[in-house]
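Chemist: Dropping in query.txt, which is compact mmCIF, C-alpha atoms and all ligand atoms:
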# COMPACT_ATOMS: atom_id res chain seq x y z
CA MET O 9 3.02 -28.18 -6.29
CA THR O 10 1.09 -29.24 -3.22
CA ILE O 11 0.14 -26.80 -0.52
CA THR O 12 2.39 -28.50 1.99
CA ALA O 13 5.40 -28.41 -0.31
CA HIS O 14 4.80 -24.78 -1.07
CA SER O 15 4.42 -23.82 2.58
CA ARG O 16 7.62 -25.60 3.40
CA ARG O 17 9.49 -23.94 0.56
CA ASP O 18 8.09 -20.61 1.57
CA PHE O 19 9.19 -21.21 5.13
CA LEU O 20 12.66 -22.36 4.10
CA VAL O 21 13.19 -19.37 1.83
CA ARG O 22 12.12 -17.00 4.55
CA ALA O 23 14.18 -18.74 7.21
CA THR O 24 17.33 -18.80 5.07
CA HIS O 25 17.25 -15.14 4.17
CA ALA O 26 16.11 -14.13 7.61
CA THR O 27 19.08 -15.87 9.14
CA ALA O 28 21.48 -14.37 6.64
CA LEU O 29 20.26 -10.90 7.43
CA GLY O 30 19.47 -11.41 11.07
CA MET O 31 16.03 -10.07 10.23
CA ALA O 32 12.50 -11.23 9.56
CA GLY O 33 11.83 -14.14 11.86
CA LEU O 34 8.12 -14.71 11.33
CA SER O 35 8.22 -18.48 11.31
CA GLY O 36 5.87 -19.27 8.45
CA PRO O 37 4.07 -17.96 5.44
CA SER O 38 2.71 -14.46 5.53
CA ALA O 39 -0.78 -13.98 6.92
CA PHE O 40 -1.81 -11.88 3.93
CA ALA O 41 0.66 -12.27 1.09
CA THR O 42 0.50 -15.98 0.40
CA PRO O 43 -0.62 -17.48 -2.90
CA ARG O 44 -4.33 -18.15 -3.47
CA THR O 45 -3.86 -21.93 -3.16
CA GLN O 46 -3.06 -21.56 0.52
CA THR O 47 -5.62 -19.02 1.62
CA SER O 48 -8.50 -20.78 -0.08
CA ALA O 49 -7.94 -23.77 2.20
CA ALA O 50 -10.89 -24.68 4.41
CA GLY O 51 -11.21 -22.43 7.41
CA ALA O 52 -8.91 -19.73 6.07
CA ASN O 53 -11.72 -17.20 6.08
CA ALA O 54 -12.41 -17.82 9.75
CA ARG O 55 -9.40 -15.65 10.61
CA PRO O 56 -10.01 -11.91 10.54
CA ILE O 57 -8.49 -9.98 7.67
CA PRO O 58 -5.06 -8.78 8.87
CA TYR O 59 -5.01 -5.10 9.80
CA GLY O 60 -2.08 -2.74 9.58
CA ALA O 61 -1.03 0.89 9.39
CA ALA O 62 1.61 3.14 7.92
CA VAL O 63 4.19 4.07 10.55
CA ARG O 64 6.81 6.76 11.05
CA VAL O 65 10.09 5.32 12.25
CA ASP O 66 11.20 8.42 14.19
CA ALA O 67 7.95 8.41 16.15
CA LEU O 68 8.31 4.69 16.90
CA THR O 69 11.55 5.57 18.68
CA SER O 70 10.59 8.85 20.33
CA ASP O 71 6.94 8.26 21.24
CA LEU O 72 6.45 5.23 23.45
CA SER O 73 2.67 5.39 23.70
CA TYR O 74 2.42 5.47 19.90
CA ARG O 75 4.85 2.56 19.68
CA GLY O 76 2.69 0.63 22.15
CA ALA O 77 -0.46 1.35 20.14
CA ILE O 78 1.17 0.03 16.97
CA ILE O 79 2.22 -3.15 18.77
CA ALA O 80 -1.24 -3.59 20.28
CA ASN O 81 -3.23 -3.05 17.11
CA CYS O 82 -1.22 -3.90 14.00
CA GLN O 83 -0.44 -7.23 12.37
CA ILE O 84 1.20 -5.38 9.47
CA ILE O 85 3.12 -2.13 9.19
CA VAL O 86 4.30 -0.19 6.16
CA PRO O 87 6.79 2.67 6.31
CA GLU O 88 5.15 5.99 5.40
CA GLY O 89 8.38 7.27 3.85
CA GLU O 90 11.46 5.39 5.03
CA MET O 91 11.64 3.01 2.08
CA LYS O 92 11.03 5.67 -0.56
CA TRP O 93 13.87 6.74 -2.84
CA PRO O 94 14.83 9.98 -1.03
CA ASP O 95 15.36 8.13 2.26
CA ILE O 96 16.90 4.93 1.02
CA HIS O 97 18.76 6.09 -2.11
CA PRO O 98 19.57 9.79 -1.54
CA ALA O 99 22.46 10.02 -4.00
CA ARG O 100 23.59 8.07 -7.04
CA GLY O 101 25.11 4.80 -5.90
CA GLU O 102 24.50 5.64 -2.22
CA TYR O 103 22.02 3.65 -0.17
CA ARG O 104 21.03 4.40 3.42
CA PHE O 105 19.17 1.69 5.26
CA GLU O 106 19.32 2.87 8.88
CA LYS O 107 15.66 3.85 9.20
CA ALA O 108 14.31 1.00 7.12
CA ASP O 109 16.43 -1.45 9.12
CA ALA O 110 15.16 0.05 12.38
CA LEU O 111 11.60 -0.56 11.18
CA MET O 112 12.46 -4.15 10.27
CA ASP O 113 14.00 -4.72 13.72
CA PHE O 114 10.91 -3.30 15.40
CA ALA O 115 8.66 -5.54 13.30
CA ARG O 116 10.71 -8.66 13.96
CA GLN O 117 10.86 -8.05 17.71
CA ASN O 118 7.11 -7.62 17.83
CA LYS O 119 6.17 -10.31 15.29
CA ILE O 120 4.56 -7.81 12.95
CA GLU O 121 4.69 -8.26 9.16
CA VAL O 122 6.01 -5.53 6.88
CA ARG O 123 4.81 -4.29 3.50
CA GLY O 124 7.35 -2.51 1.31
CA HIS O 125 6.45 0.91 -0.13
CA THR O 126 7.42 1.80 -2.88
CA LEU O 127 9.80 1.02 -5.75
CA ALA O 128 8.56 2.76 -8.92
CA TRP O 129 6.70 6.04 -8.30
CA TYR O 130 6.64 9.43 -9.95
CA GLY O 131 6.53 11.26 -6.62
CA GLY O 132 9.10 12.20 -4.04
CA MET O 133 12.11 11.37 -6.16
CA PRO O 134 15.51 12.65 -4.94
CA ALA O 135 17.04 15.50 -6.96
CA TRP O 136 19.88 13.38 -8.37
CA THR O 137 17.47 11.26 -10.42
CA ALA O 138 16.66 14.26 -12.64
CA ALA O 139 20.07 13.75 -14.21
CA ILE O 140 19.32 10.19 -15.31
CA ASP O 141 19.79 10.34 -19.04
CA GLY O 142 18.66 7.87 -21.67
CA ARG O 143 16.90 4.56 -21.75
CA ALA O 144 19.79 2.30 -20.80
CA GLU O 145 20.80 4.44 -17.83
CA ALA O 146 17.21 4.67 -16.55
CA GLU O 147 16.71 0.94 -16.76
CA ARG O 148 20.05 0.35 -15.04
CA GLU O 149 19.20 2.73 -12.17
CA LEU O 150 15.67 1.38 -11.67
CA VAL O 151 16.77 -2.24 -11.72
CA ASP O 152 19.79 -1.55 -9.50
CA HIS O 153 17.54 0.14 -6.95
CA ILE O 154 15.08 -2.74 -6.95
CA GLU O 155 17.78 -5.40 -6.77
CA THR O 156 19.53 -3.64 -3.89
CA VAL O 157 16.45 -2.87 -1.80
CA VAL O 158 14.36 -5.98 -2.46
CA SER O 159 17.28 -8.37 -1.97
CA ARG O 160 18.20 -6.74 1.35
CA TYR O 161 14.74 -7.55 2.72
CA ARG O 162 14.07 -10.75 0.78
CA GLY O 163 12.24 -13.19 3.02
CA ALA O 164 11.43 -10.40 5.48
CA ILE O 165 9.06 -8.33 3.34
CA PRO O 166 6.39 -10.58 1.81
CA SER O 167 4.60 -7.84 -0.13
CA TRP O 168 5.77 -4.82 -2.13
CA ASP O 169 3.98 -1.85 -3.64
CA VAL O 170 6.20 -2.22 -6.68
CA VAL O 171 4.31 0.35 -8.75
CA ASN O 172 2.65 3.33 -7.11
CA GLU O 173 0.13 5.65 -8.74
CA PRO O 174 0.92 4.99 -12.43
CA LEU O 175 -2.06 6.88 -13.92
CA VAL O 176 -2.61 10.58 -14.56
CA ASP O 177 -5.53 12.15 -12.68
CA TRP O 178 -7.98 11.90 -15.59
CA PRO O 179 -6.68 9.18 -17.91
CA GLU O 180 -7.86 8.73 -21.48
CA GLY O 181 -6.62 5.16 -21.56
CA PRO O 182 -4.06 2.72 -20.18
CA THR O 183 -1.20 4.65 -21.72
CA SER O 184 -2.15 7.86 -19.88
CA LEU O 185 0.73 7.37 -17.50
CA ARG O 186 1.81 10.07 -15.09
CA PRO O 187 4.94 11.81 -16.31
CA SER O 188 7.99 10.82 -14.31
CA ILE O 189 11.64 10.16 -14.75
CA TRP O 190 10.61 6.60 -15.63
CA THR O 191 7.99 7.42 -18.28
CA ARG O 192 10.26 10.05 -19.82
CA GLN O 193 13.11 7.61 -20.29
CA LEU O 194 11.37 4.24 -20.55
CA GLY O 195 7.77 4.97 -21.55
CA PRO O 196 5.21 2.38 -20.41
CA ASP O 197 8.00 -0.24 -20.31
CA TYR O 198 8.94 0.96 -16.85
CA LEU O 199 6.05 -1.11 -15.46
CA PRO O 200 7.15 -4.55 -16.72
CA ILE O 201 10.77 -3.64 -16.03
CA ALA O 202 10.03 -2.88 -12.37
CA LEU O 203 7.72 -5.85 -11.84
CA ARG O 204 10.06 -8.34 -13.53
CA ALA O 205 13.06 -7.05 -11.61
CA THR O 206 11.22 -7.46 -8.31
CA ALA O 207 10.04 -10.97 -9.18
CA ALA O 208 13.54 -11.95 -10.26
CA VAL O 209 15.01 -10.91 -6.90
CA ASP O 210 12.21 -12.28 -4.71
CA PRO O 211 10.01 -14.80 -6.53
CA ASP O 212 7.94 -15.29 -3.36
CA ALA O 213 7.03 -11.65 -2.85
CA GLN O 214 3.49 -10.48 -3.48
CA LEU O 215 3.77 -7.79 -6.18
CA VAL O 216 1.22 -5.02 -5.89
CA LEU O 217 0.22 -2.16 -8.16
CA ASN O 218 -1.13 0.57 -5.88
CA GLU O 219 -3.52 3.30 -7.06
CA TYR O 220 -5.88 5.96 -5.67
CA ASP O 221 -9.20 7.64 -6.60
CA ILE O 222 -10.79 4.42 -7.82
CA GLU O 223 -13.89 4.26 -5.67
CA PHE O 224 -15.99 7.38 -6.27
CA LYS O 225 -18.93 8.44 -8.43
CA GLY O 226 -18.22 10.66 -11.42
CA PRO O 227 -16.67 10.52 -14.90
CA ARG O 228 -13.07 11.07 -13.72
CA PHE O 229 -13.24 8.07 -11.39
CA ALA O 230 -14.98 5.89 -13.99
CA ALA O 231 -12.17 6.80 -16.42
CA ARG O 232 -9.60 5.83 -13.79
CA ARG O 233 -11.21 2.43 -13.17
CA GLN O 234 -11.36 1.73 -16.89
CA ALA O 235 -7.78 2.79 -17.56
CA LEU O 236 -6.50 0.80 -14.60
CA LEU O 237 -8.32 -2.32 -15.76
CA GLN O 238 -6.91 -1.96 -19.26
CA LEU O 239 -3.45 -1.47 -17.84
CA LEU O 240 -3.75 -4.56 -15.64
CA ARG O 241 -5.12 -6.60 -18.52
CA SER O 242 -2.24 -5.61 -20.76
CA LEU O 243 0.27 -6.62 -18.08
CA ARG O 244 -1.52 -9.96 -17.64
CA GLU O 245 -1.57 -10.59 -21.40
CA ARG O 246 2.19 -10.13 -21.52
CA ASP O 247 2.72 -12.46 -18.52
CA VAL O 248 4.21 -9.69 -16.45
CA PRO O 249 4.40 -10.88 -12.82
CA LEU O 250 1.75 -9.14 -10.70
CA HIS O 251 -0.37 -10.51 -7.87
CA ALA O 252 -2.58 -7.83 -6.44
CA VAL O 253 -4.11 -4.41 -6.79
CA GLY O 254 -3.76 -2.02 -3.89
CA LEU O 255 -6.75 0.26 -3.42
CA GLN O 256 -5.25 3.16 -1.52
CA SER O 257 -8.71 4.29 -0.36
CA HIS O 258 -8.08 7.86 0.71
CA LEU O 259 -11.80 8.56 1.06
CA PHE O 260 -13.25 12.05 0.86
CA ALA O 261 -16.26 13.01 2.91
CA ASP O 262 -17.61 15.09 0.00
CA ARG O 263 -17.38 12.30 -2.59
CA ALA O 264 -19.87 9.44 -2.93
CA ILE O 265 -18.74 5.82 -3.27
CA ASP O 266 -19.79 4.39 -6.65
CA ARG O 267 -21.14 1.05 -5.46
CA ASP O 268 -21.98 -0.35 -8.89
CA GLY O 269 -18.86 1.03 -10.56
CA LEU O 270 -16.51 -0.22 -7.86
CA GLN O 271 -18.13 -3.65 -7.69
CA ALA O 272 -18.00 -4.07 -11.47
CA PHE O 273 -14.32 -3.09 -11.32
CA LEU O 274 -13.61 -5.59 -8.53
CA ASN O 275 -15.35 -8.38 -10.44
CA GLU O 276 -13.02 -7.71 -13.36
CA ILE O 277 -10.06 -7.79 -10.99
CA LYS O 278 -11.24 -11.17 -9.74
CA ALA O 279 -11.56 -12.40 -13.33
CA LEU O 280 -7.93 -11.39 -13.86
CA LYS O 281 -7.03 -13.53 -10.83
CA LEU O 282 -5.57 -10.61 -8.95
CA ASP O 283 -5.92 -10.17 -5.21
CA VAL O 284 -7.10 -6.95 -3.62
CA LEU O 285 -5.53 -5.11 -0.70
CA ILE O 286 -6.80 -1.96 0.95
CA THR O 287 -3.50 -0.20 1.44
CA GLU O 288 -3.93 3.40 2.66
CA LEU O 289 -7.44 3.86 4.06
CA ASP O 290 -8.30 7.14 5.80
CA VAL O 291 -11.10 9.69 5.56
CA ILE O 292 -10.32 13.26 4.62
CA ASP O 293 -12.59 15.26 6.90
CA TYR O 294 -11.83 18.90 6.11
CA GLU O 295 -15.35 19.59 4.86
CA LEU O 296 -17.20 17.74 7.63
CA PRO O 297 -18.91 19.45 10.58
CA GLY O 298 -16.68 20.46 13.48
CA LYS O 299 -18.61 18.64 16.22
CA ILE O 300 -16.46 15.65 17.01
CA SER O 301 -19.09 13.01 17.71
CA GLU O 302 -20.91 13.93 14.51
CA ARG O 303 -17.70 14.04 12.48
CA ASP O 304 -16.40 10.70 13.78
CA ALA O 305 -19.74 9.04 12.98
CA LEU O 306 -19.69 10.40 9.41
CA VAL O 307 -16.08 9.27 8.91
CA ALA O 308 -16.91 5.75 10.13
CA GLY O 309 -20.11 5.69 8.07
CA LEU O 310 -18.27 6.48 4.85
CA ALA O 311 -15.55 3.91 5.57
CA GLY O 312 -18.26 1.35 6.39
CA GLN O 313 -20.00 2.02 3.10
CA PHE O 314 -16.72 1.57 1.25
CA LEU O 315 -15.74 -1.62 3.11
CA GLU O 316 -19.18 -3.10 2.58
CA THR O 317 -18.99 -2.38 -1.15
CA VAL O 318 -15.60 -4.06 -1.42
CA CYS O 319 -16.20 -7.00 0.93
CA ASP O 320 -19.45 -7.89 -0.86
CA VAL O 321 -17.35 -8.81 -3.90
CA VAL O 322 -13.87 -9.76 -2.65
CA ARG O 323 -12.22 -10.49 0.64
CA PRO O 324 -9.28 -8.07 0.78
CA LYS O 325 -6.04 -9.79 1.74
CA ALA O 326 -5.28 -6.97 4.15
CA ILE O 327 -6.71 -3.70 5.36
CA LEU O 328 -4.19 -0.96 6.14
CA THR O 329 -4.85 2.61 7.15
CA TRP O 330 -2.40 5.40 6.29
CA GLY O 331 -1.42 5.94 9.90
CA LEU O 332 -2.98 4.56 13.06
CA SER O 333 -3.58 7.66 15.16
CA ASP O 334 -4.65 11.21 14.29
CA ARG O 335 -1.42 12.21 16.07
CA TYR O 336 0.51 11.33 12.90
CA SER O 337 -1.27 11.83 9.59
CA TRP O 338 -0.41 13.28 6.19
CA VAL O 339 -3.94 14.77 5.86
CA PRO O 340 -3.28 18.20 7.48
CA ILE O 341 -0.39 18.79 5.06
CA TYR O 342 -2.90 19.16 2.22
CA PHE O 343 -6.38 19.26 3.77
CA LYS O 344 -6.35 21.47 6.86
CA ARG O 345 -9.81 22.31 8.17
CA PRO O 346 -11.01 25.87 7.56
CA ASP O 347 -12.17 26.08 11.21
CA GLY O 348 -8.64 25.32 12.41
CA MET O 349 -9.70 22.16 14.28
CA PRO O 350 -7.36 19.17 13.95
CA ASN O 351 -8.20 16.53 11.31
CA ARG O 352 -9.53 13.17 12.53
CA PRO O 353 -8.92 10.80 9.58
CA LEU O 354 -7.67 7.67 11.38
CA PRO O 355 -8.90 4.82 13.63
CA LEU O 356 -7.39 6.16 16.89
CA ASP O 357 -7.63 9.76 18.01
CA ALA O 358 -4.62 11.88 18.94
CA ASP O 359 -4.82 10.44 22.49
CA LEU O 360 -4.76 6.93 21.02
CA LYS O 361 -8.38 6.24 21.94
CA ARG O 362 -10.47 4.11 19.61
CA LYS O 363 -12.91 5.95 17.38
CA PRO O 364 -15.94 4.63 15.48
CA LEU O 365 -13.66 4.17 12.45
CA PHE O 366 -11.69 1.59 14.43
CA ASP O 367 -14.88 -0.35 15.20
CA VAL O 368 -16.09 -0.36 11.62
CA ILE O 369 -12.76 -1.73 10.40
CA GLU O 370 -12.98 -4.42 13.10
CA GLU O 371 -16.46 -5.32 11.90
CA TYR O 372 -15.41 -5.84 8.30
CA ARG O 373 -12.23 -7.68 9.24
CA ARG O 374 -14.47 -10.33 10.68
CA LYS O 375 -16.89 -10.55 7.78
CA THR O 376 -16.33 -13.30 5.22
CA VAL O 377 -17.23 -13.54 1.57
O1 LIG O 401 2.10 10.21 4.00
C1 LIG O 401 3.22 10.43 3.14
C2 LIG O 401 3.86 11.77 3.45
O2 LIG O 401 4.36 11.77 4.77
C3 LIG O 401 4.97 12.03 2.44
O3 LIG O 401 5.40 13.33 2.61
C4 LIG O 401 4.45 11.91 1.03
C5 LIG O 401 5.56 12.07 0.00
O4 LIG O 401 6.49 11.02 0.08
O5 LIG O 401 3.83 10.66 0.82
C6 LIG O 401 2.76 10.39 1.70
O6 LIG O 401 2.24 9.11 1.44
C7 LIG O 401 1.58 8.92 0.20
C8 LIG O 401 1.88 7.51 -0.28
O7 LIG O 401 3.27 7.32 -0.35
C9 LIG O 401 1.22 7.24 -1.61
N1 LIG O 401 -0.18 7.53 -1.57
C10 LIG O 401 -0.59 8.82 -1.02
C11 LIG O 401 0.04 9.02 0.35
C12 LIG O 401 -0.45 10.30 1.01
O8 LIG O 401 -0.06 11.43 0.28
Show me, as structure tokens, the structure contained in the file I just sent.
Ligand code: 9MR
Modeler:
Amino acid sequence: MTITAHSRRDFLVRATHATALGMAGLSGPSAFATPRTQTSAAGANARPIPYGAAVRVDALTSDLSYRGAIIANCQIIVPEGEMKWPDIHPARGEYRFEKADALMDFARQNKIEVRGHTLAWYGGMPAWTAAIDGRAEAERELVDHIETVVSRYRGAIPSWDVVNEPLVDWPEGPTSLRPSIWTRQLGPDYLPIALRATAAVDPDAQLVLNEYDIEFKGPRFAARRQALLQLLRSLRERDVPLHAVGLQSHLFADRAIDRDGLQAFLNEIKALKLDVLITELDVIDYELPGKISERDALVAGLAGQFLETVCDVVRPKAILTWGLSDRYSWVPIYFKRPDGMPNRPLPLDADLKRKPLFDVIEEYRRKTV
């Protein structure tokens, strides 16, 4: 298929679904989720890597300065929670799309792309799913969820974190999958089931497997890279549809980036013909000095080291941080500072002013491989 034909098809698919739903409305292929054939065209690398952030829908409505900052800075947004099972599928057979739809409306009005997060995850599952019993029922529920959610936003969401965090903390191999309702009932088959169901509903969507703790020095992180590679390889060998790996990139100030280990991993990812996205970047700063100028410089320095390590080997299709402003971050839920000072993990501070982390992301968005 030629590039032109594909672009046109892509456009037509998007336009058709967008019209049917009254959603989407970005008049062309996605800036970050298009097939390799298109982005490798001459000049494609001249455009900066698209940047985005996780957003909270309630805050988009209630906090106008935050809303303005998202519009001003983001080419992509991803809902921090509003497309997860508890929000969108709170009871068996009951779907609630109000918040997710509000996010889609906001994105369409402001010509921002949306990533979907997430379809098959062990975490944050609503209580009713504990009663799912047996293989057939589990497969039916998982596939029904994916068909309902992905078809609703088909043509409007070009990229999905289909699988989130499949591995245990310290895996022994690719079958060291984190226990969940899905592994209990379906074993490792839940991965191909979820990926195939998504591809069947939206053949144009970029399908992403998203994972964390991949980038650091130490035996646990080396084991995670190895297990993830083996898992990806086994999916590839079975022709399971999958297009990209999402490096969550929740960096820790007290952990060193493993430059050689991460680059070797990324070279293997390239060999598997998978794209790379940085999906949830932030820097957990609870052990850093209190002085703000010093802390912000260390946060930016660590992120710079990470981005340099990645961008030396691959050009990520997108860089997203897990939040835009320190005003709204998950970090203090788990990693409050012992000195009681607020965390500063994100590119804008709580007053929406740019921090050194913002500048370092800008720098790497403009670097080419
Ligand atoms: O930031 C999210 C937080 O608000 C939610 O309470 C939590 C549970 O749904 O999930 C957080 O987001 C996580 C993401 O979905 C997956 N990677 C780790 C993120 C931070 O914990």
Chemist: May I have the residues within 8 Å of Thr137 in chain O as an MDAnalysis selection string, using only C-alpha atoms and disregarding those fewer than 4 positions away in the same chain?
Modeler: chainID O and resid 100 133 189
Chemist: Can I get the selection written as a tab-separated table (two decimals), keeping the file's coordinate frame, with C-alpha atoms?
Modeler:
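The resulting file, result05.tsv, is reproduced below:
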chain	number	residue	atom	x	y	z
O	100	ARG	CA	23.59	8.07	-7.04
O	133	MET	CA	12.11	11.37	-6.16
O	189	ILE	CA	11.64	10.16	-14.75
Chemist: Find the nearest atom pair between each residue of range 58-96 of chain O and range 106-116 of chain O for residues within 7 Å, count all atoms listed in the file, give distances in Å to one decimal, sort rows by chain and ascending number, and present the table as CSV.
Modeler:
residue,atom,partner,partner_atom,distance
O:Val65,CA,O:Leu111,CA,6.2
O:Glu90,CA,O:Ala108,CA,5.6
O:Met91,CA,O:Ala108,CA,6.0
Chemist: Write out as a PDB file with C-alpha atoms, keeping the file's coordinate frame the residues lying within 12 Å of range 152-155 of chain O, counting all atoms listed in the file and excluding same-chain residues fewer than 2 positions away.
Modeler:
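around.pdb, freshly written:
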ATOM      1  CA  MET O  91      11.640   3.010   2.080  1.00  0.00           C
ATOM      2  CA  LYS O  92      11.030   5.670  -0.560  1.00  0.00           C
ATOM      3  CA  TRP O  93      13.870   6.740  -2.840  1.00  0.00           C
ATOM      4  CA  PRO O  94      14.830   9.980  -1.030  1.00  0.00           C
ATOM      5  CA  ILE O  96      16.900   4.930   1.020  1.00  0.00           C
ATOM      6  CA  HIS O  97      18.760   6.090  -2.110  1.00  0.00           C
ATOM      7  CA  PRO O  98      19.570   9.790  -1.540  1.00  0.00           C
ATOM      8  CA  ALA O  99      22.460  10.020  -4.000  1.00  0.00           C
ATOM      9  CA  ARG O 100      23.590   8.070  -7.040  1.00  0.00           C
ATOM     10  CA  GLY O 101      25.110   4.800  -5.900  1.00  0.00           C
ATOM     11  CA  GLU O 102      24.500   5.640  -2.220  1.00  0.00           C
ATOM     12  CA  TYR O 103      22.020   3.650  -0.170  1.00  0.00           C
ATOM     13  CA  ARG O 104      21.030   4.400   3.420  1.00  0.00           C
ATOM     14  CA  GLY O 124       7.350  -2.510   1.310  1.00  0.00           C
ATOM     15  CA  HIS O 125       6.450   0.910  -0.130  1.00  0.00           C
ATOM     16  CA  THR O 126       7.420   1.800  -2.880  1.00  0.00           C
ATOM     17  CA  LEU O 127       9.800   1.020  -5.750  1.00  0.00           C
ATOM     18  CA  ALA O 128       8.560   2.760  -8.920  1.00  0.00           C
ATOM     19  CA  THR O 137      17.470  11.260 -10.420  1.00  0.00           C
ATOM     20  CA  ALA O 144      19.790   2.300 -20.800  1.00  0.00           C
ATOM     21  CA  GLU O 145      20.800   4.440 -17.830  1.00  0.00           C
ATOM     22  CA  ALA O 146      17.210   4.670 -16.550  1.00  0.00           C
ATOM     23  CA  GLU O 147      16.710   0.940 -16.760  1.00  0.00           C
ATOM     24  CA  ARG O 148      20.050   0.350 -15.040  1.00  0.00           C
ATOM     25  CA  GLU O 149      19.200   2.730 -12.170  1.00  0.00           C
ATOM     26  CA  LEU O 150      15.670   1.380 -11.670  1.00  0.00           C
ATOM     27  CA  VAL O 157      16.450  -2.870  -1.800  1.00  0.00           C
ATOM     28  CA  VAL O 158      14.360  -5.980  -2.460  1.00  0.00           C
ATOM     29  CA  SER O 159      17.280  -8.370  -1.970  1.00  0.00           C
ATOM     30  CA  ARG O 160      18.200  -6.740   1.350  1.00  0.00           C
ATOM     31  CA  TYR O 161      14.740  -7.550   2.720  1.00  0.00           C
ATOM     32  CA  ARG O 162      14.070 -10.750   0.780  1.00  0.00           C
ATOM     33  CA  TRP O 168       5.770  -4.820  -2.130  1.00  0.00           C
ATOM     34  CA  ASP O 169       3.980  -1.850  -3.640  1.00  0.00           C
ATOM     35  CA  VAL O 170       6.200  -2.220  -6.680  1.00  0.00           C
ATOM     36  CA  VAL O 171       4.310   0.350  -8.750  1.00  0.00           C
ATOM     37  CA  ILE O 201      10.770  -3.640 -16.030  1.00  0.00           C
ATOM     38  CA  ALA O 202      10.030  -2.880 -12.370  1.00  0.00           C
ATOM     39  CA  LEU O 203       7.720  -5.850 -11.840  1.00  0.00           C
ATOM     40  CA  ARG O 204      10.060  -8.340 -13.530  1.00  0.00           C
ATOM     41  CA  ALA O 205      13.060  -7.050 -11.610  1.00  0.00           C
ATOM     42  CA  THR O 206      11.220  -7.460  -8.310  1.00  0.00           C
ATOM     43  CA  ALA O 207      10.040 -10.970  -9.180  1.00  0.00           C
ATOM     44  CA  ALA O 208      13.540 -11.950 -10.260  1.00  0.00           C
ATOM     45  CA  VAL O 209      15.010 -10.910  -6.900  1.00  0.00           C
ATOM     46  CA  ASP O 210      12.210 -12.280  -4.710  1.00  0.00           C
TER      47      ASP O 210
END
Chemist: Which of these, O:Leu236, O:Val63, O:Asn172, O:Glu316, has the shortest distance to Ser184 in chain O once you count only C-alpha atoms?
Modeler: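 Looking at the shortest contact to Ser184 in chain O, the residue is O:Leu236.
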Chemist: At what distance in Å, to one decimal, does CA of Glu219 in chain O lie from CA of Tyr198 in chain O?
Modeler: 16.0 Å
Chemist: Using all atoms listed in the file, which residues have at least one atom no more than 8 Å from ligand LIG 401 (chain O)? Output them as a PyMOL selection string.
Modeler: chain O and resi 88-89+92+125-126+131-132+172-173+219-220+256+258+288+330+337-339
